[in-house]
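To keep things clear, I will list the structure first and then write my remarks on it.
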Amino acid sequence: MDQQLIEKIDAILPQTQCGQCGFSGCRPYAEAIATGRADINQCPPGDVEGIYKLAELLGVQPKPLNTSHGFPKPQAVAWIDEHMCIGCTFCIQSCPVDAIVGAAKQMHTVIAAECTGCELCIAPCPMNCISLVPVDKNIHNPLNLPVDVIKKQVADIARSRYQFRQQRREREKQAHNKSLKHKSTVQSAITPTSAEERKQAIVQAAIKRAIAARTQAAPNNSPTKPHELS
């Protein structure tokens, strides 16, 4: 694959990591576009602006957004009703940028500045205590920077957090597999020895019982002496 082209496509995508395009994140979608496995109009968060930028980059004609993947929505972030949260961690596991903090059976909360509004945390919540709230753009842009600059900053942060999460999960997976392999190796080394030891113990116990039985039977089977007949 043309890595430079993928990087350029990925730089245009909004980095919401929402999966609406049909892929697990913006980077996989960028790879699919670069290899011809996906079209340029499958990203609702990117909307028409993103489609035109992709078309210009790839030298193709722009086309309308494919609404089978969803519709554009106003910028929003997830919010958790902490009074209803039971600490199940399902939302934490589903967040693609690690924007939710908390622990098992403890209250969770969303780091609003890191949330991409992907909505992936809503469906898994068994308490239906997660909703989206509109973003006050003035709060996130106190310096009144150009919209394009703000979008790029937000996208760059989201991309970094997404990549960090992917790397962390890969490390955890490798550590888990290594632990399982080590446990299997140790178990393989221990099991035959243990089985042999159990076998030897059973044999030794059987021998001891046989010796005890013969010893007990010996007096009863000994020849009768002459003085014992009177």
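Following the order of the structure tokens, chains are lettered A, B, ..., residues in each are numbered from 1, and ligands are numbered from 1.
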
Determine, counting only C-alpha atoms, which protein, DNA and RNA residues have an atom within 12 Å of an atom of A:Gln93; residues of the same chain fewer than 2 positions away are not included. Present the result as a VMD selection string.
-> chain A and resid 87 to 91 95 to 104 108 120 to 122 124 to 125 165 169

Among stretch 101-143 of chain A, which ones does DSSP place in alpha helix (DSSP H), written as a list in words?
->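 For stretch 101-143 of chain A, the alpha helix (DSSP H) set is Lys137, Asn138, Ile139 and His140 of chain A.
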
Go ahead and dump the residues you just picked, N, CA and C atoms, as a PDB file, in the first residue's frame.
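Final output, part_27.pdb:
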ATOM      1  N   LYS A 137     -18.974  25.759  21.078  1.00  0.00           N
ATOM      2  CA  LYS A 137     -17.728  25.998  20.339  1.00  0.00           C
ATOM      3  C   LYS A 137     -16.922  27.150  20.906  1.00  0.00           C
ATOM      4  N   ASN A 138     -17.601  28.094  21.555  1.00  0.00           N
ATOM      5  CA  ASN A 138     -16.877  29.233  22.127  1.00  0.00           C
ATOM      6  C   ASN A 138     -15.981  28.809  23.287  1.00  0.00           C
ATOM      7  N   ILE A 139     -16.455  27.801  24.056  1.00  0.00           N
ATOM      8  CA  ILE A 139     -15.653  27.302  25.182  1.00  0.00           C
ATOM      9  C   ILE A 139     -14.378  26.651  24.679  1.00  0.00           C
ATOM     10  N   HIS A 140     -14.469  25.923  23.558  1.00  0.00           N
ATOM     11  CA  HIS A 140     -13.307  25.206  23.021  1.00  0.00           C
ATOM     12  C   HIS A 140     -12.471  26.079  22.095  1.00  0.00           C
TER      13      HIS A 140
END

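Closest approach to A:Ser160 among A:Cys26, A:Cys129, A:Leu5, A:Ile86 is made by A:Cys26 (distances from only C-alpha atoms).
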
DSSP-assigned strand (DSSP E) among stretch 18-146 of chain A, expressed as a PyMOL selection string | chain A and resi 76-80+100-101+109-110+130-134

Would you save the residues from that selection as an mmCIF file, in the first residue's frame, using all heavy atoms?
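Full text of out-v3.cif as output:
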data_model
loop_
_atom_site.group_PDB
_atom_site.id
_atom_site.type_symbol
_atom_site.label_atom_id
_atom_site.label_comp_id
_atom_site.auth_asym_id
_atom_site.auth_seq_id
_atom_site.Cartn_x
_atom_site.Cartn_y
_atom_site.Cartn_z
ATOM 1 N N ALA A 76 -21.021 17.164 19.140
ATOM 2 C CA ALA A 76 -21.508 16.871 20.491
ATOM 3 C C ALA A 76 -20.525 15.948 21.195
ATOM 4 O O ALA A 76 -19.659 15.340 20.556
ATOM 5 C CB ALA A 76 -22.894 16.223 20.433
ATOM 6 N N VAL A 77 -20.662 15.854 22.501
ATOM 7 C CA VAL A 77 -19.824 14.944 23.290
ATOM 8 C C VAL A 77 -20.728 14.104 24.183
ATOM 9 O O VAL A 77 -21.862 14.489 24.479
ATOM 10 C CB VAL A 77 -18.798 15.705 24.161
ATOM 11 C CG1 VAL A 77 -17.807 16.449 23.283
ATOM 12 C CG2 VAL A 77 -19.501 16.650 25.116
ATOM 13 N N ALA A 78 -20.221 12.956 24.596
ATOM 14 C CA ALA A 78 -20.993 12.064 25.460
ATOM 15 C C ALA A 78 -21.044 12.617 26.887
ATOM 16 O O ALA A 78 -20.114 13.292 27.343
ATOM 17 C CB ALA A 78 -20.375 10.675 25.455
ATOM 18 N N TRP A 79 -22.129 12.321 27.554
ATOM 19 C CA TRP A 79 -22.303 12.723 28.952
ATOM 20 C C TRP A 79 -22.930 11.563 29.706
ATOM 21 O O TRP A 79 -23.869 10.920 29.221
ATOM 22 C CB TRP A 79 -23.204 13.950 29.057
ATOM 23 C CG TRP A 79 -23.539 14.337 30.474
ATOM 24 C CD1 TRP A 79 -22.754 15.027 31.348
ATOM 25 C CD2 TRP A 79 -24.749 14.042 31.186
ATOM 26 N NE1 TRP A 79 -23.387 15.188 32.562
ATOM 27 C CE2 TRP A 79 -24.628 14.586 32.487
ATOM 28 C CE3 TRP A 79 -25.918 13.361 30.843
ATOM 29 C CZ2 TRP A 79 -25.625 14.465 33.447
ATOM 30 C CZ3 TRP A 79 -26.927 13.243 31.795
ATOM 31 C CH2 TRP A 79 -26.778 13.797 33.083
ATOM 32 N N ILE A 80 -22.392 11.239 30.882
ATOM 33 C CA ILE A 80 -22.879 10.121 31.688
ATOM 34 C C ILE A 80 -23.637 10.648 32.902
ATOM 35 O O ILE A 80 -23.122 11.490 33.645
ATOM 36 C CB ILE A 80 -21.710 9.229 32.168
ATOM 37 C CG1 ILE A 80 -20.981 8.614 30.969
ATOM 38 C CG2 ILE A 80 -22.206 8.125 33.097
ATOM 39 C CD1 ILE A 80 -19.750 7.812 31.336
ATOM 40 N N ILE A 100 -13.124 8.032 28.449
ATOM 41 C CA ILE A 100 -13.970 7.745 29.610
ATOM 42 C C ILE A 100 -13.094 7.153 30.704
ATOM 43 O O ILE A 100 -12.300 6.246 30.448
ATOM 44 C CB ILE A 100 -15.107 6.771 29.256
ATOM 45 C CG1 ILE A 100 -15.947 7.330 28.113
ATOM 46 C CG2 ILE A 100 -15.991 6.501 30.471
ATOM 47 C CD1 ILE A 100 -17.047 6.410 27.629
ATOM 48 N N VAL A 101 -13.233 7.675 31.904
ATOM 49 C CA VAL A 101 -12.430 7.182 33.014
ATOM 50 C C VAL A 101 -13.341 6.634 34.101
ATOM 51 O O VAL A 101 -14.490 7.050 34.251
ATOM 52 C CB VAL A 101 -11.528 8.297 33.600
ATOM 53 C CG1 VAL A 101 -10.491 8.724 32.589
ATOM 54 C CG2 VAL A 101 -12.366 9.493 34.037
ATOM 55 N N THR A 109 -16.965 8.747 34.179
ATOM 56 C CA THR A 109 -17.215 10.094 33.670
ATOM 57 C C THR A 109 -16.485 10.282 32.350
ATOM 58 O O THR A 109 -15.477 9.604 32.085
ATOM 59 C CB THR A 109 -16.774 11.168 34.683
ATOM 60 O OG1 THR A 109 -17.261 12.439 34.272
ATOM 61 C CG2 THR A 109 -15.261 11.221 34.793
ATOM 62 N N VAL A 110 -16.977 11.183 31.538
ATOM 63 C CA VAL A 110 -16.394 11.451 30.223
ATOM 64 C C VAL A 110 -15.482 12.674 30.295
ATOM 65 O O VAL A 110 -15.846 13.696 30.878
ATOM 66 C CB VAL A 110 -17.503 11.708 29.172
ATOM 67 C CG1 VAL A 110 -16.887 12.074 27.825
ATOM 68 C CG2 VAL A 110 -18.398 10.490 29.038
ATOM 69 N N ILE A 130 -26.180 7.249 29.194
ATOM 70 C CA ILE A 130 -25.259 8.056 28.401
ATOM 71 C C ILE A 130 -26.025 8.755 27.284
ATOM 72 O O ILE A 130 -26.829 8.142 26.592
ATOM 73 C CB ILE A 130 -24.137 7.190 27.792
ATOM 74 C CG1 ILE A 130 -23.398 6.413 28.883
ATOM 75 C CG2 ILE A 130 -23.151 8.069 27.022
ATOM 76 C CD1 ILE A 130 -22.303 5.514 28.359
ATOM 77 N N SER A 131 -25.776 10.018 27.131
ATOM 78 C CA SER A 131 -26.421 10.791 26.065
ATOM 79 C C SER A 131 -25.412 11.767 25.483
ATOM 80 O O SER A 131 -24.318 11.952 26.025
ATOM 81 C CB SER A 131 -27.638 11.544 26.621
ATOM 82 O OG SER A 131 -27.253 12.393 27.693
ATOM 83 N N LEU A 132 -25.765 12.369 24.371
ATOM 84 C CA LEU A 132 -24.905 13.359 23.738
ATOM 85 C C LEU A 132 -25.392 14.764 24.071
ATOM 86 O O LEU A 132 -26.597 15.021 24.088
ATOM 87 C CB LEU A 132 -24.885 13.178 22.224
ATOM 88 C CG LEU A 132 -24.193 11.919 21.689
ATOM 89 C CD1 LEU A 132 -24.246 11.923 20.170
ATOM 90 C CD2 LEU A 132 -22.755 11.832 22.162
ATOM 91 N N VAL A 133 -24.451 15.647 24.339
ATOM 92 C CA VAL A 133 -24.799 17.050 24.605
ATOM 93 C C VAL A 133 -24.047 17.924 23.611
ATOM 94 O O VAL A 133 -22.897 17.632 23.259
ATOM 95 C CB VAL A 133 -24.436 17.452 26.056
ATOM 96 C CG1 VAL A 133 -25.274 16.673 27.047
ATOM 97 C CG2 VAL A 133 -22.946 17.222 26.324
ATOM 98 N N PRO A 134 -24.685 18.971 23.117
ATOM 99 C CA PRO A 134 -24.042 19.852 22.125
ATOM 100 C C PRO A 134 -22.771 20.482 22.692
ATOM 101 O O PRO A 134 -22.655 20.746 23.891
ATOM 102 C CB PRO A 134 -25.103 20.915 21.846
ATOM 103 C CG PRO A 134 -26.388 20.292 22.295
ATOM 104 C CD PRO A 134 -26.045 19.401 23.445
#

When distances are computed from only C-alpha atoms, which of A:Gln15, A:Gln204, A:Gln153, A:Asn128 shows the smallest separation from A:Pro28?
->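 Using only C-alpha atoms, the shortest distance to A:Pro28 belongs to A:Gln15.
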
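Using only C-alpha atoms, the smallest distance between any of A:Ser184, A:Ser68, A:Gln166, A:Gln61 and A:Ile40 comes from A:Gln61.
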
Excluding same-chain residues fewer than 4 positions from A:Pro44, what lies within 12 Å of it counting only C-alpha atoms, as a PyMOL selection string?
-> chain A and resi 13-22+26+40+48-51+64-75+118

What is the distance between atom CA of A:Ala32 and atom CA of A:Lys53, in Å to one decimal?
-> 16.5 Å

Just give me the gap between atom CA of A:Glu31 and atom CA of A:Ile6 in Å, one decimal is fine.
-> 5.6 Å

Identify which of the residues A:Ile9, A:Asp47, A:Thr185, A:Val149 lies closest to A:Tyr29, counting only C-alpha atoms when measuring atom-to-atom distances.
-> A:Ile9

If you measure from atom CA of A:Arg159 to atom CA of A:Ile92, what distance in Å do you get, rounded to one decimal?
->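 Answer for the atom CA of A:Arg159 to atom CA of A:Ile92 separation: 17.5 Å.
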